[in-house]
>>> print(open('entry-v2.pdb').read())   # PDB, C-alpha atoms, pLDDT in the B column
ATOM      1  CA  MET A   1     -24.380  36.595  34.470  1.00 45.00           C
ATOM      2  CA  ASN A   2     -21.910  34.067  33.221  1.00 45.00           C
ATOM      3  CA  SER A   3     -23.716  31.545  31.081  1.00 45.00           C
ATOM      4  CA  ASN A   4     -20.517  30.340  29.378  1.00 44.00           C
ATOM      5  CA  THR A   5     -19.059  28.808  32.518  1.00 42.00           C
ATOM      6  CA  CYS A   6     -20.684  25.426  31.983  1.00 45.00           C
ATOM      7  CA  CYS A   7     -19.277  25.134  28.494  1.00 44.00           C
ATOM      8  CA  GLU A   8     -15.757  26.144  29.467  1.00 46.00           C
ATOM      9  CA  THR A   9     -15.497  23.513  32.176  1.00 45.00           C
ATOM     10  CA  SER A  10     -17.013  20.720  30.150  1.00 48.00           C
ATOM     11  CA  ARG A  11     -14.464  21.057  27.360  1.00 49.00           C
ATOM     12  CA  PRO A  12     -11.917  18.236  27.433  1.00 50.00           C
ATOM     13  CA  GLU A  13      -8.509  19.442  28.556  1.00 52.00           C
ATOM     14  CA  THR A  14      -6.496  17.252  26.217  1.00 57.00           C
ATOM     15  CA  VAL A  15      -7.012  16.430  22.574  1.00 57.00           C
ATOM     16  CA  ALA A  16      -7.178  12.699  21.908  1.00 60.00           C
ATOM     17  CA  GLU A  17      -4.065  11.335  20.137  1.00 61.00           C
ATOM     18  CA  PRO A  18      -4.880   9.774  16.778  1.00 67.00           C
ATOM     19  CA  SER A  19      -4.564   6.018  17.089  1.00 85.00           C
ATOM     20  CA  PHE A  20      -2.055   4.349  14.785  1.00 88.00           C
ATOM     21  CA  ILE A  21      -1.297   0.739  14.170  1.00 89.00           C
ATOM     22  CA  ASP A  22       2.486   0.435  14.477  1.00 91.00           C
ATOM     23  CA  THR A  23       3.862  -1.615  11.622  1.00 87.00           C
ATOM     24  CA  PRO A  24       7.498  -2.487  10.923  1.00 89.00           C
ATOM     25  CA  PRO A  25       8.190  -1.713   7.266  1.00 92.00           C
ATOM     26  CA  VAL A  26       9.711  -4.222   4.865  1.00 91.00           C
ATOM     27  CA  PHE A  27      13.227  -3.062   3.949  1.00 92.00           C
ATOM     28  CA  SER A  28      16.455  -4.176   2.336  1.00 91.00           C
ATOM     29  CA  THR A  29      20.031  -2.858   2.340  1.00 92.00           C
ATOM     30  CA  ARG A  30      22.801  -3.099  -0.194  1.00 92.00           C
ATOM     31  CA  ASP A  31      26.418  -1.965   0.055  1.00 92.00           C
ATOM     32  CA  ASP A  32      28.331  -0.651  -2.923  1.00 90.00           C
ATOM     33  CA  GLU A  33      31.571   1.253  -3.475  1.00 89.00           C
ATOM     34  CA  THR A  34      29.908   4.579  -2.639  1.00 92.00           C
ATOM     35  CA  GLY A  35      28.180   3.579   0.586  1.00 94.00           C
ATOM     36  CA  THR A  36      24.955   1.852   1.621  1.00 94.00           C
ATOM     37  CA  ARG A  37      21.549   1.922  -0.025  1.00 95.00           C
ATOM     38  CA  LEU A  38      18.520   1.311   2.130  1.00 95.00           C
ATOM     39  CA  GLN A  39      15.180   0.608   0.459  1.00 95.00           C
ATOM     40  CA  VAL A  40      12.041   0.789   2.564  1.00 95.00           C
ATOM     41  CA  ALA A  41       8.573  -0.211   1.371  1.00 94.00           C
ATOM     42  CA  LEU A  42       6.215   2.591   2.384  1.00 95.00           C
ATOM     43  CA  PRO A  43       3.065   2.038   0.299  1.00 95.00           C
ATOM     44  CA  GLY A  44       0.436   4.713   0.642  1.00 95.00           C
ATOM     45  CA  VAL A  45       2.774   7.175   2.374  1.00 97.00           C
ATOM     46  CA  LYS A  46       3.006  10.740   1.098  1.00 97.00           C
ATOM     47  CA  LYS A  47       6.275  12.663   1.226  1.00 96.00           C
ATOM     48  CA  GLU A  48       4.859  15.162   3.709  1.00 97.00           C
ATOM     49  CA  ASP A  49       3.935  12.361   6.119  1.00 97.00           C
ATOM     50  CA  LEU A  50       7.466  10.982   6.206  1.00 97.00           C
ATOM     51  CA  LYS A  51      10.206  12.023   8.647  1.00 97.00           C
ATOM     52  CA  LEU A  52      13.805  10.863   8.357  1.00 97.00           C
ATOM     53  CA  THR A  53      16.325  11.999  10.965  1.00 96.00           C
ATOM     54  CA  PHE A  54      19.926  11.247  11.893  1.00 94.00           C
ATOM     55  CA  HIS A  55      20.585  11.397  15.613  1.00 92.00           C
ATOM     56  CA  HIS A  56      23.207   9.861  17.902  1.00 91.00           C
ATOM     57  CA  GLY A  57      24.724   7.779  15.128  1.00 91.00           C
ATOM     58  CA  ALA A  58      21.442   6.243  13.967  1.00 93.00           C
ATOM     59  CA  LEU A  59      18.915   6.883  11.211  1.00 94.00           C
ATOM     60  CA  HIS A  60      15.320   7.091  12.374  1.00 96.00           C
ATOM     61  CA  LEU A  61      12.357   6.842  10.058  1.00 97.00           C
ATOM     62  CA  GLU A  62       8.761   7.515  10.933  1.00 96.00           C
ATOM     63  CA  ALA A  63       5.998   7.531   8.357  1.00 96.00           C
ATOM     64  CA  ILE A  64       2.269   7.889   8.742  1.00 96.00           C
ATOM     65  CA  ARG A  65      -0.018   6.174   6.290  1.00 94.00           C
ATOM     66  CA  LEU A  66      -3.355   7.879   6.358  1.00 91.00           C
ATOM     67  CA  ALA A  67      -6.307   5.534   5.999  1.00 87.00           C
ATOM     68  CA  LYS A  68      -9.495   4.639   7.813  1.00 83.00           C
ATOM     69  CA  THR A  69      -7.206   3.119  10.432  1.00 83.00           C
ATOM     70  CA  PRO A  70      -3.887   4.976  10.044  1.00 90.00           C
ATOM     71  CA  LEU A  71      -0.641   3.010  10.103  1.00 92.00           C
ATOM     72  CA  ARG A  72       2.690   4.164  11.479  1.00 94.00           C
ATOM     73  CA  TYR A  73       5.832   2.700   9.942  1.00 94.00           C
ATOM     74  CA  ARG A  74       8.899   3.065  12.156  1.00 95.00           C
ATOM     75  CA  LEU A  75      12.460   1.959  11.594  1.00 95.00           C
ATOM     76  CA  SER A  76      15.773   2.801  13.262  1.00 94.00           C
ATOM     77  CA  ALA A  77      19.175   1.778  11.968  1.00 91.00           C
ATOM     78  CA  ARG A  78      22.539   2.354  13.622  1.00 93.00           C
ATOM     79  CA  LEU A  79      25.110   3.381  11.043  1.00 93.00           C
ATOM     80  CA  ALA A  80      28.518   1.774  10.743  1.00 92.00           C
ATOM     81  CA  SER A  81      31.368   4.150  11.622  1.00 92.00           C
ATOM     82  CA  ARG A  82      32.548   4.223   7.979  1.00 93.00           C
ATOM     83  CA  LEU A  83      29.243   5.831   6.887  1.00 94.00           C
ATOM     84  CA  ASP A  84      28.535   9.558   6.841  1.00 94.00           C
ATOM     85  CA  GLY A  85      25.143  10.128   8.467  1.00 93.00           C
ATOM     86  CA  ASN A  86      25.389  13.861   7.804  1.00 93.00           C
ATOM     87  CA  ALA A  87      25.375  13.378   4.024  1.00 94.00           C
ATOM     88  CA  VAL A  88      22.305  11.144   3.687  1.00 95.00           C
ATOM     89  CA  SER A  89      20.085  11.610   0.628  1.00 96.00           C
ATOM     90  CA  ALA A  90      16.649  10.089   0.117  1.00 97.00           C
ATOM     91  CA  HIS A  91      13.801   9.997  -2.344  1.00 96.00           C
ATOM     92  CA  LEU A  92      10.327   8.487  -2.328  1.00 97.00           C
ATOM     93  CA  GLU A  93       8.903   6.951  -5.497  1.00 96.00           C
ATOM     94  CA  HIS A  94       6.189   4.349  -6.220  1.00 96.00           C
ATOM     95  CA  GLY A  95       5.763   3.699  -2.490  1.00 96.00           C
ATOM     96  CA  VAL A  96       9.456   2.965  -1.925  1.00 96.00           C
ATOM     97  CA  LEU A  97      11.855   5.175   0.012  1.00 97.00           C
ATOM     98  CA  GLU A  98      15.404   4.876  -1.198  1.00 97.00           C
ATOM     99  CA  VAL A  99      18.046   6.196   1.197  1.00 96.00           C
ATOM    100  CA  HIS A 100      21.706   6.541   0.251  1.00 96.00           C
ATOM    101  CA  VAL A 101      24.245   6.833   3.040  1.00 95.00           C
ATOM    102  CA  PRO A 102      27.666   7.628   1.554  1.00 95.00           C
ATOM    103  CA  LEU A 103      30.983   6.487   2.918  1.00 94.00           C
ATOM    104  CA  LYS A 104      32.960   9.034   4.928  1.00 93.00           C
ATOM    105  CA  ALA A 105      35.707  10.638   2.859  1.00 87.00           C
ATOM    106  CA  GLU A 106      38.402   8.749   4.744  1.00 87.00           C
ATOM    107  CA  ALA A 107      36.614   5.425   4.154  1.00 85.00           C
ATOM    108  CA  LYS A 108      36.351   5.852   0.373  1.00 84.00           C
ATOM    109  CA  PRO A 109      38.714   3.770  -1.713  1.00 83.00           C
ATOM    110  CA  ARG A 110      41.504   5.856  -3.188  1.00 83.00           C
ATOM    111  CA  SER A 111      44.294   5.151  -5.589  1.00 86.00           C
ATOM    112  CA  ILE A 112      47.806   5.355  -4.228  1.00 90.00           C
ATOM    113  CA  ALA A 113      50.399   6.655  -6.606  1.00 91.00           C
ATOM    114  CA  ILE A 114      53.357   4.358  -7.035  1.00 93.00           C
ATOM    115  CA  GLN A 115      56.614   6.247  -6.934  1.00 88.00           C
TER     116      GLN A 115
ATOM    117  CA  MET B 116     -10.581 -22.677  -9.434  1.00 34.00           C
ATOM    118  CA  ASN B 117      -6.931 -23.600  -9.756  1.00 30.00           C
ATOM    119  CA  ARG B 118      -7.155 -22.986 -13.473  1.00 30.00           C
ATOM    120  CA  LEU B 119      -7.081 -19.281 -12.615  1.00 27.00           C
ATOM    121  CA  ILE B 120      -3.515 -19.574 -11.447  1.00 28.00           C
ATOM    122  CA  SER B 121      -0.842 -19.753 -14.074  1.00 30.00           C
ATOM    123  CA  ALA B 122       1.289 -22.865 -14.035  1.00 29.00           C
ATOM    124  CA  ASN B 123       4.480 -20.922 -13.439  1.00 31.00           C
ATOM    125  CA  SER B 124       3.140 -18.982 -10.469  1.00 32.00           C
ATOM    126  CA  LEU B 125       5.337 -19.310  -7.418  1.00 30.00           C
ATOM    127  CA  LEU B 126       2.472 -18.402  -5.176  1.00 33.00           C
ATOM    128  CA  ALA B 127      -0.183 -20.535  -3.647  1.00 33.00           C
ATOM    129  CA  PRO B 128      -3.496 -20.159  -5.442  1.00 39.00           C
ATOM    130  CA  SER B 129      -6.025 -18.060  -3.637  1.00 46.00           C
ATOM    131  CA  PHE B 130      -9.601 -17.303  -4.347  1.00 50.00           C
ATOM    132  CA  ASP B 131     -11.918 -15.049  -2.448  1.00 55.00           C
ATOM    133  CA  ARG B 132     -15.532 -14.117  -2.800  1.00 54.00           C
ATOM    134  CA  LEU B 133     -16.303 -10.459  -2.542  1.00 51.00           C
ATOM    135  CA  LEU B 134     -19.656 -10.115  -0.875  1.00 41.00           C
ATOM    136  CA  ASP B 135     -21.234  -7.877   1.689  1.00 34.00           C
ATOM    137  CA  HIS B 136     -19.906  -8.509   5.185  1.00 32.00           C
ATOM    138  CA  ALA B 137     -17.377 -10.974   3.850  1.00 33.00           C
ATOM    139  CA  PHE B 138     -14.360  -8.920   4.852  1.00 35.00           C
ATOM    140  CA  SER B 139     -13.056  -7.429   8.031  1.00 32.00           C
ATOM    141  CA  ALA B 140     -11.262  -4.085   7.860  1.00 33.00           C
ATOM    142  CA  PHE B 141      -7.887  -5.816   7.498  1.00 36.00           C
ATOM    143  CA  ALA B 142      -7.582  -8.897   5.384  1.00 37.00           C
ATOM    144  CA  PRO B 143      -4.620 -11.160   6.112  1.00 37.00           C
ATOM    145  CA  LEU B 144      -1.388 -10.741   4.221  1.00 39.00           C
ATOM    146  CA  SER B 145      -1.500 -12.055   0.721  1.00 42.00           C
ATOM    147  CA  PRO B 146       0.490 -15.092  -0.386  1.00 42.00           C
ATOM    148  CA  ASP B 147       3.691 -13.164  -1.044  1.00 46.00           C
ATOM    149  CA  GLY B 148       3.733 -12.106   2.599  1.00 49.00           C
ATOM    150  CA  ARG B 149       4.146  -8.405   2.000  1.00 52.00           C
ATOM    151  CA  SER B 150       1.275  -7.212  -0.170  1.00 63.00           C
ATOM    152  CA  ARG B 151      -1.270  -6.227   2.373  1.00 82.00           C
ATOM    153  CA  GLU B 152      -4.826  -6.176   1.114  1.00 87.00           C
ATOM    154  CA  THR B 153      -7.781  -4.325   2.535  1.00 88.00           C
ATOM    155  CA  VAL B 154     -11.362  -4.024   1.449  1.00 89.00           C
ATOM    156  CA  GLU B 155     -13.446  -1.098   2.533  1.00 90.00           C
ATOM    157  CA  GLN B 156     -17.136  -0.935   1.945  1.00 89.00           C
ATOM    158  CA  THR B 157     -19.239   2.160   1.577  1.00 89.00           C
ATOM    159  CA  LYS B 158     -22.869   2.584   0.681  1.00 90.00           C
ATOM    160  CA  GLU B 159     -21.932   2.946  -2.988  1.00 92.00           C
ATOM    161  CA  ASP B 160     -18.992   0.596  -3.492  1.00 93.00           C
ATOM    162  CA  HIS B 161     -16.310  -1.783  -2.301  1.00 93.00           C
ATOM    163  CA  VAL B 162     -12.751  -0.473  -2.497  1.00 94.00           C
ATOM    164  CA  LEU B 163     -10.023  -3.092  -2.723  1.00 93.00           C
ATOM    165  CA  ARG B 164      -6.517  -1.842  -1.951  1.00 93.00           C
ATOM    166  CA  ILE B 165      -3.393  -3.909  -2.556  1.00 93.00           C
ATOM    167  CA  ASP B 166       0.078  -2.775  -1.499  1.00 93.00           C
ATOM    168  CA  LEU B 167       2.447  -3.216  -4.410  1.00 93.00           C
ATOM    169  CA  PRO B 168       5.407  -0.975  -3.499  1.00 93.00           C
ATOM    170  CA  GLY B 169       7.942  -0.451  -6.254  1.00 93.00           C
ATOM    171  CA  LEU B 170       5.633  -1.716  -8.997  1.00 94.00           C
ATOM    172  CA  ARG B 171       4.736   0.370 -12.028  1.00 95.00           C
ATOM    173  CA  GLN B 172       1.528   0.439 -14.020  1.00 95.00           C
ATOM    174  CA  GLU B 173       3.094  -1.707 -16.764  1.00 95.00           C
ATOM    175  CA  ASP B 174       3.896  -4.453 -14.229  1.00 95.00           C
ATOM    176  CA  ILE B 175       0.251  -4.990 -13.311  1.00 95.00           C
ATOM    177  CA  GLN B 176      -2.490  -6.728 -15.246  1.00 96.00           C
ATOM    178  CA  LEU B 177      -6.085  -6.449 -14.098  1.00 96.00           C
ATOM    179  CA  ASP B 178      -8.638  -8.692 -15.804  1.00 95.00           C
ATOM    180  CA  LEU B 179     -12.323  -9.350 -15.461  1.00 95.00           C
ATOM    181  CA  ASN B 180     -13.672 -12.569 -16.883  1.00 93.00           C
ATOM    182  CA  ASP B 181     -17.174 -13.818 -16.153  1.00 88.00           C
ATOM    183  CA  ARG B 182     -17.376 -11.946 -12.814  1.00 90.00           C
ATOM    184  CA  THR B 183     -13.929 -13.132 -11.796  1.00 92.00           C
ATOM    185  CA  LEU B 184     -11.491 -10.320 -11.092  1.00 93.00           C
ATOM    186  CA  THR B 185      -7.830 -11.248 -11.399  1.00 93.00           C
ATOM    187  CA  VAL B 186      -4.836  -9.150 -10.407  1.00 93.00           C
ATOM    188  CA  ALA B 187      -1.516 -10.383 -11.747  1.00 93.00           C
ATOM    189  CA  ALA B 188       1.683  -8.462 -11.116  1.00 92.00           C
ATOM    190  CA  GLU B 189       5.283  -9.181 -11.820  1.00 92.00           C
ATOM    191  CA  SER B 190       8.154  -6.742 -11.581  1.00 90.00           C
ATOM    192  CA  PRO B 191      11.639  -7.077 -13.051  1.00 91.00           C
ATOM    193  CA  ALA B 192      14.270  -8.384 -10.657  1.00 89.00           C
ATOM    194  CA  GLU B 193      16.185  -5.076 -10.666  1.00 87.00           C
ATOM    195  CA  ARG B 194      13.242  -3.166  -9.175  1.00 88.00           C
ATOM    196  CA  PRO B 195      13.030  -2.696  -5.424  1.00 89.00           C
ATOM    197  CA  PHE B 196      10.883  -5.365  -3.772  1.00 88.00           C
ATOM    198  CA  ALA B 197      10.537  -7.288  -7.017  1.00 87.00           C
ATOM    199  CA  THR B 198       7.595  -9.618  -6.647  1.00 85.00           C
ATOM    200  CA  ARG B 199       5.254 -11.957  -8.419  1.00 88.00           C
ATOM    201  CA  TYR B 200       1.694 -11.671  -7.246  1.00 87.00           C
ATOM    202  CA  ARG B 201      -1.554 -13.233  -8.397  1.00 89.00           C
ATOM    203  CA  ARG B 202      -4.970 -13.144  -6.797  1.00 89.00           C
ATOM    204  CA  ALA B 203      -8.493 -13.768  -7.995  1.00 90.00           C
ATOM    205  CA  TRP B 204     -11.844 -12.809  -6.580  1.00 90.00           C
ATOM    206  CA  SER B 205     -15.298 -13.941  -7.541  1.00 91.00           C
ATOM    207  CA  LEU B 206     -17.497 -10.878  -7.554  1.00 92.00           C
ATOM    208  CA  GLY B 207     -20.866 -10.979  -5.874  1.00 90.00           C
ATOM    209  CA  PRO B 208     -24.055 -10.157  -7.812  1.00 90.00           C
ATOM    210  CA  GLU B 209     -24.278  -6.714  -6.198  1.00 90.00           C
ATOM    211  CA  ILE B 210     -21.143  -5.492  -8.027  1.00 92.00           C
ATOM    212  CA  ASP B 211     -21.684  -3.445 -11.177  1.00 93.00           C
ATOM    213  CA  THR B 212     -18.862  -4.928 -13.255  1.00 93.00           C
ATOM    214  CA  ALA B 213     -19.339  -2.400 -16.072  1.00 94.00           C
ATOM    215  CA  ARG B 214     -18.200   0.449 -13.810  1.00 94.00           C
ATOM    216  CA  ILE B 215     -15.128  -1.102 -12.151  1.00 96.00           C
ATOM    217  CA  SER B 216     -12.166   1.280 -12.130  1.00 96.00           C
ATOM    218  CA  ALA B 217      -8.592   1.120 -10.860  1.00 97.00           C
ATOM    219  CA  ARG B 218      -5.662   3.405 -10.132  1.00 97.00           C
ATOM    220  CA  LEU B 219      -2.104   2.979  -8.907  1.00 97.00           C
ATOM    221  CA  ASP B 220      -0.756   5.634  -6.574  1.00 96.00           C
ATOM    222  CA  LEU B 221       2.089   5.638  -4.012  1.00 96.00           C
ATOM    223  CA  GLY B 222       2.621   1.908  -4.535  1.00 95.00           C
ATOM    224  CA  VAL B 223      -1.002   1.045  -3.777  1.00 95.00           C
ATOM    225  CA  LEU B 224      -3.382  -0.444  -6.348  1.00 96.00           C
ATOM    226  CA  GLU B 225      -6.899   0.750  -5.629  1.00 96.00           C
ATOM    227  CA  VAL B 226      -9.768  -1.030  -7.353  1.00 96.00           C
ATOM    228  CA  THR B 227     -13.214   0.500  -6.990  1.00 96.00           C
ATOM    229  CA  LEU B 228     -16.090  -1.945  -7.372  1.00 95.00           C
ATOM    230  CA  PRO B 229     -19.338   0.030  -7.513  1.00 95.00           C
ATOM    231  CA  LYS B 230     -22.530  -1.569  -6.297  1.00 93.00           C
ATOM    232  CA  LEU B 231     -25.470  -1.848  -8.619  1.00 91.00           C
ATOM    233  CA  THR B 232     -27.883   0.982  -8.110  1.00 82.00           C
ATOM    234  CA  PRO B 233     -31.202  -0.474  -7.060  1.00 71.00           C
ATOM    235  CA  THR B 234     -33.806   0.551  -9.577  1.00 69.00           C
ATOM    236  CA  THR B 235     -37.298   1.394  -8.517  1.00 69.00           C
ATOM    237  CA  PRO B 236     -39.692  -0.917 -10.337  1.00 72.00           C
ATOM    238  CA  ALA B 237     -41.819   1.228 -12.579  1.00 74.00           C
ATOM    239  CA  THR B 238     -45.477   0.433 -12.861  1.00 84.00           C
ATOM    240  CA  ARG B 239     -46.710   0.070 -16.353  1.00 84.00           C
ATOM    241  CA  THR B 240     -49.733  -1.364 -18.044  1.00 86.00           C
ATOM    242  CA  ILE B 241     -49.081  -4.207 -20.441  1.00 86.00           C
ATOM    243  CA  GLU B 242     -51.127  -4.180 -23.488  1.00 89.00           C
ATOM    244  CA  ILE B 243     -53.011  -7.394 -24.198  1.00 91.00           C
ATOM    245  CA  GLN B 244     -52.885  -8.297 -27.804  1.00 88.00           C
ATOM    246  CA  THR B 245     -55.541 -10.254 -29.599  1.00 87.00           C
ATOM    247  CA  ALA B 246     -54.858 -13.105 -31.910  1.00 79.00           C
TER     248      ALA B 246
END
>>> encode(input="entry-v2.pdb", output="structure tokens")
Amino acid sequence: MNSNTCCETSRPETVAEPSFIDTPPVFSTRDDETGTRLQVALPGVKKEDLKLTFHHGALHLEAIRLAKTPLRYRLSARLASRLDGNAVSAHLEHGVLEVHVPLKAEAKPRSIAIQ
Amino acid sequence: MNRLISANSLLAPSFDRLLDHAFSAFAPLSPDGRSRETVEQTKEDHVLRIDLPGLRQEDIQLDLNDRTLTVAAESPAERPFATRYRRAWSLGPEIDTARISARLDLGVLEVTLPKLTPTTPATRTIEIQTA
């Protein structure tokens, strides 16, 4: 007797992907003497739902905003060769992600001693 | 209703009426082009959410005057995504204005507009007085 067979076969094989509305985030960049600051508007996004990666010379951001209809903010930015993608720092506050990408050591301004 | 908009506002005046079935799940972008607004309705209330990334509590003024709800926000220029925002809504008769509440979290202003609780009409005998 195998009464469970019907239930096993009727179970869906794949779990449905949650549907997101892809939305490009509003952002701005600003260069200063230490590097580049990127500000991204991510209202409603919690830190744990935010992923920032550096891969193949580009920064990639993906953030999920949970709501009745969830949104997905995605942004990719190729970094200039003078910037150090391995030393990126970021913090999220008041719905804004601020990313600082410092200059590489060799690109930083330095004083030259006059003999 | 233009009197609701301050003379120095850079934004086009806007005025909406908040009534049952008056909103779809996603309202269009607001006049500043980046503050997305949504209104969600449940059995108990309407929840208005406005994206105001980078703004602090002290940048936002929320007023209720004669069933007109006004949100005015202005952030200093040095803040990220500095903006000036002003919107007004005329509240429908089903909104219990005495219980409106609001909170700002993760750059989203959430205004909860509870619906009036329908009261069951009580039956009572009215005493007839004599002259």
>>> closest_atom_pairs(input="entry-v2.pdb", of="chain A", to="chain B", cutoff="10 Å", atoms="all atoms listed in the file", output="JSON lines")
{"residue": "A:Pro25", "atom": "CA", "partner": "B:Arg149", "partner_atom": "CA", "distance": 9.4}
{"residue": "A:Val26", "atom": "CA", "partner": "B:Arg149", "partner_atom": "CA", "distance": 7.5}
{"residue": "A:Phe27", "atom": "CA", "partner": "B:Phe196", "partner_atom": "CA", "distance": 8.4}
{"residue": "A:Ser28", "atom": "CA", "partner": "B:Phe196", "partner_atom": "CA", "distance": 8.4}
{"residue": "A:Gln39", "atom": "CA", "partner": "B:Pro195", "partner_atom": "CA", "distance": 7.1}
{"residue": "A:Val40", "atom": "CA", "partner": "B:Pro195", "partner_atom": "CA", "distance": 8.8}
{"residue": "A:Ala41", "atom": "CA", "partner": "B:Pro168", "partner_atom": "CA", "distance": 5.9}
{"residue": "A:Leu42", "atom": "CA", "partner": "B:Pro168", "partner_atom": "CA", "distance": 6.9}
{"residue": "A:Pro43", "atom": "CA", "partner": "B:Gly222", "partner_atom": "CA", "distance": 4.9}
{"residue": "A:Gly44", "atom": "CA", "partner": "B:Leu221", "partner_atom": "CA", "distance": 5.0}
{"residue": "A:Val45", "atom": "CA", "partner": "B:Leu221", "partner_atom": "CA", "distance": 6.6}
{"residue": "A:Lys46", "atom": "CA", "partner": "B:Leu221", "partner_atom": "CA", "distance": 7.3}
{"residue": "A:Lys47", "atom": "CA", "partner": "B:Leu221", "partner_atom": "CA", "distance": 9.7}
{"residue": "A:Lys68", "atom": "CA", "partner": "B:Glu155", "partner_atom": "CA", "distance": 8.7}
{"residue": "A:Thr69", "atom": "CA", "partner": "B:Ala140", "partner_atom": "CA", "distance": 8.7}
{"residue": "A:Leu92", "atom": "CA", "partner": "B:Leu221", "partner_atom": "CA", "distance": 8.9}
{"residue": "A:Glu93", "atom": "CA", "partner": "B:Leu221", "partner_atom": "CA", "distance": 7.1}
{"residue": "A:His94", "atom": "CA", "partner": "B:Gly222", "partner_atom": "CA", "distance": 4.6}
{"residue": "A:Gly95", "atom": "CA", "partner": "B:Gly222", "partner_atom": "CA", "distance": 4.2}
{"residue": "A:Val96", "atom": "CA", "partner": "B:Gly169", "partner_atom": "CA", "distance": 5.7}
{"residue": "A:Leu97", "atom": "CA", "partner": "B:Gly169", "partner_atom": "CA", "distance": 9.3}
{"residue": "A:Glu98", "atom": "CA", "partner": "B:Pro195", "partner_atom": "CA", "distance": 9.0}
>>> atom_distance(input="entry-v2.pdb", atom1="CA of Thr34 in chain A", atom2="CA of Ala90 in chain A")
14.6 Å
>>> resolve_selection(input="entry-v2.pdb", expression="the PyMOL selection byres ((chain A and resi 101) around 12)", output="JSON, numbers by chain")
{"A": [29, 30, 31, 32, 33, 34, 35, 36, 37, 38, 39, 54, 58, 59, 77, 78, 79, 80, 81, 82, 83, 84, 85, 86, 87, 88, 89, 90, 98, 99, 100, 102, 103, 104]}
>>> atom_distance(input="entry-v2.pdb", atom1="CA of Ala213 in chain B", atom2="CA of Thr153 in chain B")
22.0 Å
>>> closest_residue(input="entry-v2.pdb", among="A:Thr53, A:Asp22, A:Glu106, A:Ile112", to="Arg65 in chain A", atoms="all atoms listed in the file")
A:Asp22
>>> atom_distance(input="entry-v2.pdb", atom1="CA of Lys158 in chain B", atom2="CA of Leu231 in chain B")
10.6 Å
>>> resolve_selection(input="entry-v2.pdb", expression="the PyMOL selection byres ((chain A and resi 72) around 7)", output="list in words")
Phe20, Ile21, Asp22, Thr23, Glu62, Ala63, Ile64, Arg65, Pro70, Leu71, Tyr73 and Arg74 of chain A
>>> closest_residue(input="entry-v2.pdb", among="A:Leu50, A:Ala113, A:His91, A:Ala107", to="Leu75 in chain A", atoms="only C-alpha atoms")
A:Leu50
>>> closest_residue(input="entry-v2.pdb", among="B:His161, B:Ala187, B:Arg218, B:Pro236", to="Leu206 in chain B", atoms="only C-alpha atoms")
B:His161
>>> closest_residue(input="entry-v2.pdb", among="B:Thr198, B:Thr240, B:Thr185, B:Thr227", to="Thr157 in chain B", atoms="all atoms listed in the file")
B:Thr227
>>> residues_around(input="entry-v2.pdb", residues="Leu177 in chain B", least_positions_apart="5", cutoff="10 Å", atoms="only C-alpha atoms", output="number ranges by chain")
B: 184-188, 201-203, 217, 226
